[in-house]
Amino acid sequence: MSNIKEVYITQKGLEELEEELNILKLERRPAVINALKDARALGDLSENAEYDAARTEQAEVEGRIAELEAMLDHAIVIKEVSTDKVSIGNVVTLKYVDDGDTEKYSIVGVKEADPFANKISNESPIAKAIMGLSVGTIVTVDSPNGKYDVEILNIA
């Protein structure tokens, strides 16, 4: 039984997970199986570093396949998003009230989050603070680095 809860994901994120799963199943898994066969052919498995490495890689590949399949089984795909209020799937432009800087963030599910690409999780402090709010709203974000105010400038 899986302990994965519902996974909120955008359509693009779903496609990326499916692509990763296909690569693992159609390319990496067969390559690992061949590596195991080759390592077994070398003889004594008790002191066979190639065999141990292939078994470790096999465990990693199979573990990731299981994880991806569980995520896909529990995926709630966000297909249509409203631009009236902030929700998963929106791109939100925020202004930091203290310094006037603006930043665009894509609100995505936890499994899609990539802070370096400005994709923030719906469970992040900033997303939690702005979820369900509309353009023009100023809200205080309570983050681990302290509190700060942001204004929602645009929801797309």
# chains A, B, ... in the order shown; residues from 1 in each chain; ligands from 1

call {"tool": "residues_around", "arguments": {"residues": "A:Val110", "least_positions_apart": "6", "cutoff": "9 Å", "atoms": "only C-alpha atoms", "output": "number ranges by chain"}}
result
A: 7-9, 120-124

call {"tool": "residues_around", "arguments": {"residues": "A:Asp73", "least_positions_apart": "3", "cutoff": "9 Å", "atoms": "only C-alpha atoms", "output": "ChimeraX atom specification"}}
result
/A:6-7,68-70,76

call {"tool": "write_last_selection", "arguments": {"atoms": "C-alpha atoms", "output": "mmCIF file, in the first residue's frame"}}
result
data_model
loop_
_atom_site.group_PDB
_atom_site.id
_atom_site.type_symbol
_atom_site.label_atom_id
_atom_site.label_comp_id
_atom_site.auth_asym_id
_atom_site.auth_seq_id
_atom_site.Cartn_x
_atom_site.Cartn_y
_atom_site.Cartn_z
ATOM 1 C CA GLU A 6 -2.842 13.211 -3.527
ATOM 2 C CA VAL A 7 -0.347 14.856 -5.860
ATOM 3 C CA LEU A 68 6.481 7.678 -10.386
ATOM 4 C CA GLU A 69 3.716 5.098 -10.826
ATOM 5 C CA ALA A 70 2.380 5.888 -7.339
ATOM 6 C CA ILE A 76 -4.895 15.354 -9.518
#

call {"tool": "residues_around", "arguments": {"residues": "stretch 83-97 of chain A", "least_positions_apart": "5", "cutoff": "12 Å", "atoms": "only C-alpha atoms", "output": "JSON, numbers by chain"}}
result
{"A": [7, 8, 9, 10, 11, 12, 13, 76, 77, 78, 102, 103, 104, 105, 106, 107, 108, 109, 110, 112, 113, 118, 119, 120, 121, 122, 123, 124, 126, 127, 128, 129, 130, 131, 132, 133, 134, 135, 136, 137, 138, 139, 140, 141, 147, 148, 149, 150, 151, 152, 153, 154, 155, 156]}

call {"tool": "write_last_selection", "arguments": {"atoms": "C-alpha atoms", "output": "short mmCIF file (atom, residue, chain, number, x, y, z; two decimals), in the first residue's frame"}}
result
data_model
loop_
_atom_site.label_atom_id
_atom_site.label_comp_id
_atom_site.auth_asym_id
_atom_site.auth_seq_id
_atom_site.Cartn_x
_atom_site.Cartn_y
_atom_site.Cartn_z
CA VAL A 7 -0.35 14.86 -5.86
CA TYR A 8 -1.44 18.14 -7.44
CA ILE A 9 0.20 18.57 -10.79
CA THR A 10 -0.19 20.66 -13.90
CA GLN A 11 -0.75 19.08 -17.31
CA LYS A 12 2.86 19.92 -18.26
CA GLY A 13 4.11 18.31 -15.05
CA ILE A 76 -4.90 15.35 -9.52
CA VAL A 77 -4.24 17.16 -12.78
CA ILE A 78 -4.93 20.87 -12.80
CA THR A 102 8.63 42.31 -8.77
CA GLU A 103 8.85 38.61 -9.46
CA LYS A 104 6.83 36.08 -11.47
CA TYR A 105 6.12 32.67 -9.97
CA SER A 106 4.40 29.61 -11.37
CA ILE A 107 2.32 27.94 -8.67
CA VAL A 108 2.75 24.18 -9.05
CA GLY A 109 2.32 21.02 -7.00
CA VAL A 110 5.07 19.83 -4.69
CA GLU A 112 6.93 20.00 -9.88
CA ALA A 113 8.52 22.67 -7.71
CA ASN A 118 10.51 30.24 -10.28
CA LYS A 119 8.16 27.26 -9.97
CA ILE A 120 7.02 27.31 -6.36
CA SER A 121 5.08 24.64 -4.54
CA ASN A 122 1.54 25.29 -3.44
CA GLU A 123 2.81 24.32 0.01
CA SER A 124 5.56 26.97 0.12
CA ILE A 126 4.56 32.45 -0.26
CA ALA A 127 2.05 30.28 -2.16
CA LYS A 128 0.13 29.48 1.02
CA ALA A 129 -0.12 33.20 1.74
CA ILE A 130 -1.48 34.14 -1.70
CA MET A 131 -3.68 31.10 -2.53
CA GLY A 132 -7.27 32.11 -3.15
CA LEU A 133 -6.50 35.84 -3.24
CA SER A 134 -7.03 38.24 -6.13
CA VAL A 135 -5.13 41.01 -7.93
CA GLY A 136 -4.51 44.07 -5.77
CA THR A 137 -4.39 42.15 -2.50
CA ILE A 138 -1.48 42.83 -0.16
CA VAL A 139 -0.67 39.96 2.17
CA THR A 140 1.98 39.17 4.77
CA VAL A 141 4.08 36.10 4.06
CA LYS A 147 7.73 38.13 7.60
CA TYR A 148 7.35 40.35 4.54
CA ASP A 149 4.52 41.83 2.51
CA VAL A 150 3.72 41.15 -1.15
CA GLU A 151 1.11 42.60 -3.47
CA ILE A 152 -0.50 40.48 -6.17
CA LEU A 153 -0.07 42.45 -9.43
CA ASN A 154 -1.22 39.88 -11.99
CA ILE A 155 -2.66 36.37 -12.20
CA ALA A 156 -2.31 34.49 -15.48
#

call {"tool": "closest_residue", "arguments": {"among": "A:His74, A:Lys79, A:Arg29, A:Lys111", "to": "A:Ala54", "atoms": "only C-alpha atoms"}}
result
A:Arg29

call {"tool": "atom_distance", "arguments": {"atom1": "atom CA of A:Gly63", "atom2": "atom CA of A:Leu26"}}
result
15.2 Å

call {"tool": "residues_around", "arguments": {"residues": "A:Ala53", "least_positions_apart": "2", "cutoff": "12 Å", "atoms": "only C-alpha atoms", "output": "PyMOL selection string"}}
result
chain A and resi 32-33+35-36+38-40+45+47-51+55-60

call {"tool": "select_by_dssp", "arguments": {"residues": "chain A", "states": "strand (DSSP E)", "output": "ChimeraX atom specification"}}
result
/A:7-10,75-78,91-96,102-108,119-121,138-143,146-155

call {"tool": "atom_distance", "arguments": {"atom1": "atom CA of A:Pro125", "atom2": "atom CA of A:Ser143"}}
result
5.5 Å

call {"tool": "residues_around", "arguments": {"residues": "A:Leu72", "least_positions_apart": "5", "cutoff": "9 Å", "atoms": "only C-alpha atoms", "output": "list in words"}}
result
Val7, Leu14, Leu17, Glu18 and Glu67 of chain A

call {"tool": "atom_distance", "arguments": {"atom1": "atom CA of A:Glu80", "atom2": "atom CA of A:Pro115"}}
result
23.0 Å

call {"tool": "select_by_dssp", "arguments": {"residues": "chain A", "states": "helix (DSSP H, G or I)", "output": "PyMOL selection string"}}
result
chain A and resi 11-41+49-73+110-112+115-117+125-130
